[in-house]
>>> print(open('structure.txt').read())   # compact mmCIF, C-alpha atoms
# COMPACT_ATOMS: atom_id res chain seq x y z
CA SER W 1 99.83 68.19 93.48
CA ALA W 2 101.74 70.72 91.37
CA THR W 3 104.40 71.06 94.10
CA VAL W 4 104.73 67.29 94.39
CA ASP W 5 105.08 66.88 90.61
CA ALA W 6 107.74 69.56 90.43
CA LEU W 7 109.78 67.83 93.14
CA ILE W 8 109.63 64.50 91.33
CA HIS W 9 110.60 65.99 87.98
CA GLU W 10 113.58 67.79 89.54
CA MET W 11 114.84 64.52 91.05
CA PHE W 12 114.01 62.09 88.22
CA GLY W 13 113.55 64.13 85.05
CA ALA W 14 110.48 65.09 83.06
CA ALA W 15 109.90 64.29 79.43
CA LYS W 16 108.29 66.72 77.00
CA GLU W 17 107.40 66.35 73.36
CA PRO W 18 110.09 67.84 71.05
CA PRO W 19 109.98 68.60 67.33
CA ALA W 20 109.88 65.36 65.34
CA ASP W 21 113.49 65.60 64.18
CA SER W 22 115.13 66.72 67.42
CA GLY W 23 114.65 63.80 69.82
CA ALA W 24 113.12 63.95 73.29
CA SER W 25 114.12 66.48 75.92
CA LEU W 26 114.91 65.19 79.43
CA ARG W 27 115.29 67.36 82.51
CA VAL W 28 117.89 66.02 84.97
CA GLY W 29 118.47 68.12 88.09
CA MET W 30 118.99 71.70 86.91
CA ARG W 31 119.90 70.75 83.33
CA GLU W 32 117.96 69.87 80.19
CA ILE W 33 119.48 67.47 77.67
CA LYS W 34 118.26 66.16 74.31
CA ILE W 35 118.17 62.46 73.52
CA SER W 36 117.67 61.17 69.99
CA GLY W 37 115.19 58.43 69.24
CA ALA W 38 111.42 58.12 69.23
CA THR W 39 110.92 56.68 72.72
CA PRO W 40 110.45 59.32 75.43
CA PRO W 41 113.47 58.99 77.75
CA ALA W 42 111.37 59.15 80.91
CA ALA W 43 109.63 55.97 79.79
CA ARG W 44 113.00 54.25 79.70
CA LEU W 45 114.12 55.88 82.94
CA HIS W 46 111.06 54.65 84.84
CA SER W 47 110.20 51.39 83.12
CA SER W 48 108.62 49.68 86.11
CA THR W 49 105.20 50.49 87.51
CA HIS W 50 106.52 51.02 91.02
CA SER W 51 109.93 51.78 92.47
CA SER W 52 110.93 52.26 96.11
CA ALA W 53 114.48 53.42 95.48
CA VAL W 54 115.56 56.83 96.71
CA ALA W 55 117.25 59.10 94.18
CA ALA W 56 120.98 59.73 94.58
CA PRO W 57 121.92 63.20 95.85
CA GLN W 58 122.32 65.81 93.10
CA ALA W 59 125.98 66.49 92.27
CA LEU W 60 127.27 69.70 93.84
CA ALA W 61 130.58 71.53 93.44
CA ALA W 62 132.29 72.59 96.68
CA PRO W 63 135.24 74.99 96.20
CA ALA W 64 138.61 74.31 97.81
CA GLU W 65 138.34 77.47 99.94
CA LEU W 66 135.12 76.15 101.52
CA LYS W 67 136.75 72.82 102.38
CA ALA W 68 139.71 74.70 103.87
CA ALA W 69 137.37 76.88 105.95
CA LEU W 70 135.58 73.82 107.33
CA SER W 71 138.93 72.26 108.24
CA ASP W 72 139.81 75.48 110.03
CA VAL W 73 136.61 75.29 112.12
CA ARG W 74 137.48 71.70 113.10
CA SER W 75 141.10 72.47 113.99
CA ASP W 76 141.99 72.59 117.70
CA ALA W 77 144.79 74.98 116.77
CA SER W 78 142.49 77.58 115.19
CA PRO W 79 140.23 80.15 116.91
CA THR W 80 137.83 79.99 113.93
CA ASP W 81 134.48 78.67 115.17
CA TRP W 82 132.17 79.19 112.20
CA ALA W 83 132.14 78.96 108.41
CA LEU W 84 129.33 79.87 106.02
CA CYS W 85 128.60 79.24 102.36
CA ALA W 86 125.75 80.11 99.98
CA LEU W 87 124.07 78.01 97.32
CA GLU W 88 124.51 79.57 93.89
CA PRO W 89 121.20 80.56 92.20
CA ASP W 90 121.41 77.71 89.66
CA GLY W 91 121.85 75.17 92.47
CA SER W 92 124.99 73.67 90.94
CA SER W 93 127.63 74.81 93.44
CA LEU W 94 128.44 76.34 96.81
CA ARG W 95 130.22 79.67 97.38
CA LEU W 96 132.19 80.52 100.52
CA VAL W 97 130.67 83.56 102.24
CA GLY W 98 133.05 83.78 105.18
CA LYS W 99 134.55 82.29 108.34
CA GLY W 100 135.65 83.69 111.66
CA GLU W 101 135.21 83.89 115.42
CA GLY W 102 132.10 84.78 117.37
CA GLY W 103 130.04 81.63 116.90
CA ALA W 104 126.42 81.50 115.82
CA GLU W 105 125.80 85.23 116.25
CA ALA W 106 128.74 86.19 114.01
CA LEU W 107 127.56 83.72 111.38
CA ALA W 108 123.98 85.02 111.58
CA ALA W 109 125.19 88.54 110.77
CA GLN W 110 126.16 87.30 107.29
CA LEU W 111 122.70 85.92 106.42
CA SER W 112 120.19 87.57 104.07
CA ASP W 113 116.60 86.80 103.14
CA ASP W 114 117.22 86.32 99.40
CA ALA W 115 119.48 83.25 99.37
CA VAL W 116 120.11 79.75 100.74
CA PHE W 117 122.99 79.33 103.18
CA TYR W 118 124.74 76.42 104.92
CA GLY W 119 127.12 76.72 107.86
CA LEU W 120 129.13 74.91 110.48
CA VAL W 121 129.47 76.14 114.07
CA ARG W 122 131.92 74.82 116.66
CA ARG W 123 130.78 74.83 120.29
CA THR W 124 133.11 74.22 123.23
CA ASP W 125 131.87 73.44 126.75
CA GLN W 126 133.89 73.07 129.93
CA ILE W 127 132.24 70.49 132.20
CA ASP W 128 134.15 69.86 135.42
CA LYS W 129 137.67 69.09 134.12
CA SER W 130 136.50 67.87 130.72
CA THR W 131 136.38 69.97 127.56
CA THR W 132 133.75 68.89 125.05
CA ILE W 133 133.63 70.03 121.44
CA LYS W 134 130.56 69.69 119.25
CA PHE W 135 129.86 70.72 115.65
CA VAL W 136 126.45 71.89 114.48
CA PHE W 137 125.46 72.02 110.81
CA LEU W 138 122.83 74.58 109.90
CA SER W 139 120.75 75.36 106.84
CA PHE W 140 119.07 78.71 106.22
CA ILE W 141 116.41 79.38 103.58
CA GLY W 142 115.77 83.07 103.04
CA SER W 143 112.17 84.12 103.66
CA ALA W 144 112.10 86.24 100.47
CA LEU W 145 112.72 83.24 98.20
CA SER W 146 109.83 82.00 96.08
CA THR W 147 107.95 78.84 97.06
CA MET W 148 109.45 76.98 94.09
CA LYS W 149 113.04 77.95 94.96
CA ARG W 150 112.50 76.98 98.60
CA ALA W 151 111.14 73.60 97.55
CA LYS W 152 114.05 72.89 95.19
CA VAL W 153 116.54 73.19 98.06
CA SER W 154 115.65 69.64 99.13
CA THR W 155 117.14 68.21 95.92
CA VAL W 156 120.67 69.23 97.01
CA LYS W 157 120.33 68.62 100.76
CA GLY W 158 122.03 65.21 100.65
CA ALA W 159 124.99 66.50 98.65
CA VAL W 160 125.44 69.51 100.97
CA SER W 161 125.31 67.30 104.07
CA GLU W 162 128.15 65.21 102.64
CA VAL W 163 130.30 68.34 102.29
CA PHE W 164 129.76 69.30 105.94
CA ALA W 165 129.82 65.82 107.54
CA PRO W 166 130.51 64.72 110.20
CA PHE W 167 128.54 66.85 112.65
CA HIS W 168 126.77 66.19 115.94
CA ALA W 169 123.51 68.09 115.50
CA GLU W 170 121.62 70.01 112.82
CA LEU W 171 119.67 73.26 112.86
CA MET W 172 117.34 72.70 109.91
CA SER W 173 115.89 75.27 107.53
CA ALA W 174 115.98 78.41 109.64
CA THR W 175 114.29 81.33 107.88
CA GLU W 176 115.25 84.32 110.07
CA PRO W 177 118.72 85.30 111.35
CA SER W 178 117.21 85.66 114.84
CA GLU W 179 116.79 81.87 114.91
CA VAL W 180 120.55 81.33 114.63
CA THR W 181 121.93 81.96 118.13
CA SER W 182 124.28 80.29 120.60
CA ALA W 183 121.25 79.54 122.79
CA THR W 184 119.53 77.68 119.96
CA VAL W 185 122.69 75.77 119.09
CA ASP W 186 123.27 74.80 122.74
CA ALA W 187 119.64 73.67 123.08
CA LEU W 188 120.07 71.38 120.07
CA ILE W 189 123.26 69.86 121.45
CA HIS W 190 121.71 69.34 124.87
CA GLU W 191 118.61 67.82 123.29
CA MET W 192 120.77 65.29 121.44
CA PHE W 193 123.42 64.54 124.07
CA GLY W 194 122.07 65.62 127.46
CA ALA W 195 122.91 68.55 129.70
CA ALA W 196 123.79 68.49 133.38
CA LYS W 197 122.72 71.07 135.91
CA GLU W 198 123.63 71.43 139.55
CA PRO W 199 120.97 69.90 141.84
CA PRO W 200 120.53 70.22 145.60
CA ALA W 201 123.34 68.43 147.41
CA ASP W 202 121.22 65.48 148.51
CA SER W 203 119.23 64.88 145.34
CA GLY W 204 121.81 63.75 142.78
CA ALA W 205 122.43 65.26 139.35
CA SER W 206 119.70 65.92 136.80
CA LEU W 207 120.30 64.77 133.21
CA ARG W 208 118.12 65.79 130.28
CA VAL W 209 117.83 63.06 127.63
CA GLY W 210 115.63 63.83 124.64
CA MET W 211 112.43 65.37 125.99
CA ARG W 212 112.79 63.82 129.45
CA GLU W 213 114.67 64.75 132.62
CA ILE W 214 115.96 62.02 134.92
CA LYS W 215 117.81 62.15 138.25
CA ILE W 216 121.07 60.31 138.85
CA SER W 217 122.53 59.89 142.33
CA GLY W 218 126.18 60.62 143.01
CA ALA W 219 128.39 63.68 143.16
CA THR W 220 129.87 63.60 139.64
CA PRO W 221 127.81 65.58 137.10
CA PRO W 222 126.55 62.99 134.56
CA ALA W 223 127.45 65.13 131.55
CA ALA W 224 131.11 64.85 132.56
CA ARG W 225 130.79 61.09 132.28
CA LEU W 226 128.69 61.32 129.12
CA HIS W 227 131.30 63.46 127.30
CA SER W 228 134.59 62.22 128.69
CA SER W 229 136.66 62.82 125.56
CA THR W 230 137.87 66.18 124.28
CA HIS W 231 136.51 65.70 120.75
CA SER W 232 134.03 63.34 119.11
CA SER W 233 132.99 63.20 115.45
CA ALA W 234 130.20 60.69 115.89
CA VAL W 235 126.69 61.69 114.86
CA ALA W 236 124.00 61.08 117.45
CA ALA W 237 121.51 58.30 116.85
CA PRO W 238 117.95 59.38 115.97
CA GLN W 239 115.72 60.00 118.99
CA ALA W 240 113.25 57.16 119.58
CA LEU W 241 109.76 57.97 118.32
CA ALA W 242 106.47 56.10 118.71
CA ALA W 243 104.44 55.62 115.51
CA PRO W 244 100.86 54.37 116.06
CA ALA W 245 99.50 51.38 114.17
CA GLU W 246 96.90 53.53 112.41
CA LEU W 247 99.66 55.71 110.91
CA LYS W 248 101.52 52.69 109.59
CA ALA W 249 98.25 51.39 108.12
CA ALA W 250 97.58 54.75 106.45
CA LEU W 251 101.05 54.79 104.87
CA SER W 252 100.49 51.26 103.58
CA ASP W 253 97.20 52.44 102.10
CA VAL W 254 98.98 55.25 100.21
CA ARG W 255 101.47 52.73 98.79
CA SER W 256 98.81 50.20 97.75
CA ASP W 257 98.03 49.95 94.02
CA ALA W 258 94.55 48.76 95.01
CA SER W 259 93.69 51.90 97.01
CA PRO W 260 92.66 55.36 95.75
CA THR W 261 94.27 56.95 98.84
CA ASP W 262 97.11 59.20 97.69
CA TRP W 263 98.08 61.08 100.86
CA ALA W 264 98.51 60.53 104.60
CA LEU W 265 99.40 63.09 107.26
CA CYS W 266 100.54 62.92 110.88
CA ALA W 267 101.47 65.49 113.54
CA LEU W 268 104.30 65.46 116.07
CA GLU W 269 102.94 65.51 119.61
CA PRO W 270 103.97 68.60 121.64
CA ASP W 271 106.39 66.60 123.82
CA GLY W 272 108.14 65.23 120.72
CA SER W 273 107.81 61.61 121.82
CA SER W 274 105.28 60.31 119.30
CA LEU W 275 103.36 60.86 116.07
CA ARG W 276 99.58 61.18 115.74
CA LEU W 277 97.62 60.38 112.59
CA VAL W 278 95.78 63.47 111.32
CA GLY W 279 94.14 61.93 108.28
CA LYS W 280 94.41 60.29 104.87
CA GLY W 281 92.46 60.50 101.63
CA GLU W 282 92.36 61.43 97.97
CA GLY W 283 93.19 64.75 96.33
CA GLY W 284 96.99 64.75 96.59
CA ALA W 285 99.12 67.60 97.89
CA GLU W 286 96.29 70.15 97.91
CA ALA W 287 94.01 67.92 100.01
CA LEU W 288 96.86 67.27 102.46
CA ALA W 289 97.69 70.99 102.68
CA ALA W 290 94.12 71.73 103.77
CA GLN W 291 94.82 69.83 107.02
CA LEU W 292 97.88 71.90 108.01
CA SER W 293 97.96 74.59 110.72
CA ASP W 294 100.60 77.08 111.84
CA ASP W 295 100.88 75.84 115.44
CA ALA W 296 102.24 72.32 114.95
CA VAL W 297 104.76 70.11 113.14
CA PHE W 298 103.42 67.78 110.46
CA TYR W 299 104.83 64.99 108.29
CA GLY W 300 103.13 63.50 105.24
CA LEU W 301 103.42 61.14 102.30
CA VAL W 302 101.99 61.92 98.87
CA ARG W 303 101.62 59.45 96.00
CA ARG W 304 102.03 60.79 92.47
CA THR W 305 101.08 58.86 89.33
CA ASP W 306 102.23 59.89 85.85
CA GLN W 307 101.23 58.39 82.52
CA ILE W 308 104.17 58.66 80.08
CA ASP W 309 103.40 57.13 76.68
CA LYS W 310 102.28 53.61 77.65
CA SER W 311 104.16 53.51 80.93
CA THR W 312 102.65 54.34 84.33
CA THR W 313 105.12 55.65 86.89
CA ILE W 314 104.40 55.95 90.61
CA LYS W 315 106.48 58.09 92.96
CA PHE W 316 106.23 58.88 96.67
CA VAL W 317 107.13 62.26 98.17
CA PHE W 318 107.80 62.74 101.90
CA LEU W 319 107.13 66.21 103.27
CA SER W 320 107.77 68.00 106.54
CA PHE W 321 105.89 71.11 107.68
CA ILE W 322 106.93 73.37 110.58
CA GLY W 323 104.19 75.79 111.57
CA SER W 324 105.20 79.45 111.36
CA ALA W 325 103.67 80.22 114.78
CA LEU W 326 106.02 77.83 116.62
CA SER W 327 108.76 79.36 118.76
CA THR W 328 112.36 79.41 117.52
CA MET W 329 113.37 76.81 120.11
CA LYS W 330 110.54 74.43 119.18
CA ARG W 331 111.38 74.80 115.48
CA ALA W 332 115.03 74.03 116.18
CA LYS W 333 114.26 70.95 118.25
CA VAL W 334 112.39 69.36 115.34
CA SER W 335 115.77 68.35 113.88
CA THR W 336 116.35 65.97 116.81
CA VAL W 337 113.55 63.67 115.62
CA LYS W 338 114.00 64.08 111.86
CA GLY W 339 115.96 60.84 111.45
CA ALA W 340 113.41 58.79 113.36
CA VAL W 341 110.50 60.28 111.38
CA SER W 342 112.24 59.58 108.07
CA GLU W 343 112.57 55.93 109.05
CA VAL W 344 108.80 55.72 109.62
CA PHE W 345 108.07 57.13 106.14
CA ALA W 346 110.87 55.44 104.17
CA PRO W 347 111.26 54.57 101.37
CA PHE W 348 110.39 57.63 99.29
CA HIS W 349 111.67 59.16 96.07
CA ALA W 350 111.82 62.88 96.91
CA GLU W 351 111.40 65.17 99.89
CA LEU W 352 109.75 68.56 100.39
CA MET W 353 111.61 69.83 103.45
CA SER W 354 110.41 72.10 106.22
CA ALA W 355 107.60 73.97 104.49
CA THR W 356 106.16 76.71 106.71
CA GLU W 357 103.02 77.77 104.81
CA PRO W 358 100.26 75.52 103.38
CA SER W 359 100.59 77.44 100.11
CA GLU W 360 104.02 75.84 99.63
CA VAL W 361 102.51 72.34 99.50
CA THR W 362 101.17 72.04 95.95
CA SER W 363 101.52 69.72 92.99
CA ALA W 364 103.51 72.42 91.17
CA THR W 365 106.14 72.61 93.91
CA VAL W 366 106.57 68.87 94.03
CA ASP W 367 106.89 68.71 90.24
CA ALA W 368 109.64 71.35 90.35
CA LEU W 369 111.87 69.21 92.57
>>> encode(input="structure.txt", output="structure tokens")
Amino acid sequence: SATVDALIHEMFGAAKEPPADSGASLRVGMREIKISGATPPAARLHSSTHSSAVAAPQALAAPAELKAALSDVRSDASPTDWALCALEPDGSSLRLVGKGEGGAEALAAQLSDDAVFYGLVRRTDQIDKSTTIKFVFLSFIGSALSTMKRAKVSTVKGAVSEVFAPFHAELMSATEPSEVTSATVDALIHEMFGAAKEPPADSGASLRVGMREIKISGATPPAARLHSSTHSSAVAAPQALAAPAELKAALSDVRSDASPTDWALCALEPDGSSLRLVGKGEGGAEALAAQLSDDAVFYGLVRRTDQIDKSTTIKFVFLSFIGSALSTMKRAKVSTVKGAVSEVFAPFHAELMSATEPSEVTSATVDAL
């Protein structure tokens, strides 16, 4: 519950009692401001009992040299195929780390375990007589960062994505440089868009779409038809995902003012095609965290209720958990279903992204966001 509360307060502000003559103090994003008057500002900010709106992305400064580096990566006239920036410690701006040639491996050499990084990698494939270009956005959260700092990264994710958009695929929340490789990037692209391989002459081509492989008759490799243009800036649609009725009912229970249920948790099936309800109940973030394991991917919804003066505020926090025992490739492929999962859990007010240890899922962490 502490993690959940911290997330909410980082996104929406938290009121605290000031000296009588100084006015209330309101935390907004990374800043604290004073507001005169006797009424706590959070009571005015959240005047209704329930709100389903999602907070706007936190403002983030992107330097001109970063924008120029990203343009260089996108340019057909430039050999530059990667650019990397770091999030400043106060979370208010991005700093260009570097750009160059050498793809994912060259970018990975610039990463360290004590900071948050974001990058763009350009991948070029030659399929038959067609050249295809794809851009992959990646986020990296250093493993040495504290639980609270890791959790707070989600408050700027939307703003960072806008700086790097458009892109075709996303490598989300890597924690070790060894996860950032050309093989991982290619696997993500192929998971989103399909990859052709040469079949026996009489069997037709084999096309991988999502988690499935299908055969297509004919001599022309299907990927050549799938990617006929030299460059595309479109973002792939979320992969279809089956959500069982019992999961939808559990989420409705969490949202109901008449129910004491304040959390629900599901797991992604190993083949990535559907979600499975793990459980629901009372006890908030800590009770949900007790259901997590290191060998699977989980998604959950936590309900937080705050009493501020005479006003009751209710907020919902969506969380994703990627077990630390999963392989690098399985961790990377989670990003291909992220959009579809978000749609199942929407709307929510804040997000705790890609936790890897149950100890990260607490009320304190959520409050910090």
>>> residues_near_point(input="structure.txt", point="(127.8, 68.6, 114.7)", cutoff="12 Å", atoms="only C-alpha atoms", output="PyMOL selection string")
chain W and resi 70+73-74+82+119-124+132-138+161+164-171+185-186+188-190+192-193+231-236+336
>>> closest_residue(input="structure.txt", among="W:Thr313, W:Ala108, W:Val297, W:Lys333", to="Thr181 in chain W", atoms="all atoms listed in the file")
W:Ala108
>>> atom_distance(input="structure.txt", atom1="CA of Thr147 in chain W", atom2="CA of Glu269 in chain W")
26.7 Å
>>> atom_distance(input="structure.txt", atom1="CA of Gln291 in chain W", atom2="CA of Phe348 in chain W")
21.2 Å
>>> closest_atom_pairs(input="structure.txt", of="range 163-194 of chain W", to="range 356-362 of chain W", cutoff="12 Å", atoms="all atoms listed in the file", output="Markdown table")
| residue | atom | partner | partner_atom | distance |
| --- | --- | --- | --- | --- |
| W:Ser173 | CA | W:Thr356 | CA | 9.9 |
| W:Ala174 | CA | W:Thr356 | CA | 10.4 |
| W:Thr175 | CA | W:Thr356 | CA | 9.4 |
>>> write_last_selection(input="structure.txt", atoms="C-alpha atoms", output="short mmCIF file (atom, residue, chain, number, x, y, z; two decimals), in the frame of the given file")
data_model
loop_
_atom_site.label_atom_id
_atom_site.label_comp_id
_atom_site.auth_asym_id
_atom_site.auth_seq_id
_atom_site.Cartn_x
_atom_site.Cartn_y
_atom_site.Cartn_z
CA SER W 173 115.89 75.27 107.53
CA ALA W 174 115.98 78.41 109.64
CA THR W 175 114.29 81.33 107.88
#
>>> closest_residue(input="structure.txt", among="W:Val180, W:Leu301, W:Ala187, W:Ala289", to="Ala109 in chain W", atoms="all atoms listed in the file")
W:Val180
>>> closest_residue(input="structure.txt", among="W:Ala296, W:Phe117, W:Val278, W:Pro347", to="Ser252 in chain W", atoms="all atoms listed in the file")
W:Pro347
>>> closest_residue(input="structure.txt", among="W:Ala86, W:Leu96, W:Ala332, W:Ala243", to="Ser178 in chain W", atoms="only C-alpha atoms")
W:Ala332
>>> atom_distance(input="structure.txt", atom1="CA of Thr261 in chain W", atom2="CA of Met353 in chain W")
22.1 Å
>>> residues_near_point(input="structure.txt", point="(110.0, 71.4, 110.2)", cutoff="9 Å", atoms="only C-alpha atoms", output="ChimeraX atom specification")
/W:172-173,297-299,320-323,331-332,334-335,338,353-356
>>> closest_residue(input="structure.txt", among="W:Phe318, W:Pro260, W:Lys157, W:Cys266", to="Leu247 in chain W", atoms="all atoms listed in the file")
W:Cys266
>>> closest_residue(input="structure.txt", among="W:Ala249, W:Glu351, W:Arg303, W:Val163", to="Arg150 in chain W", atoms="all atoms listed in the file")
W:Glu351
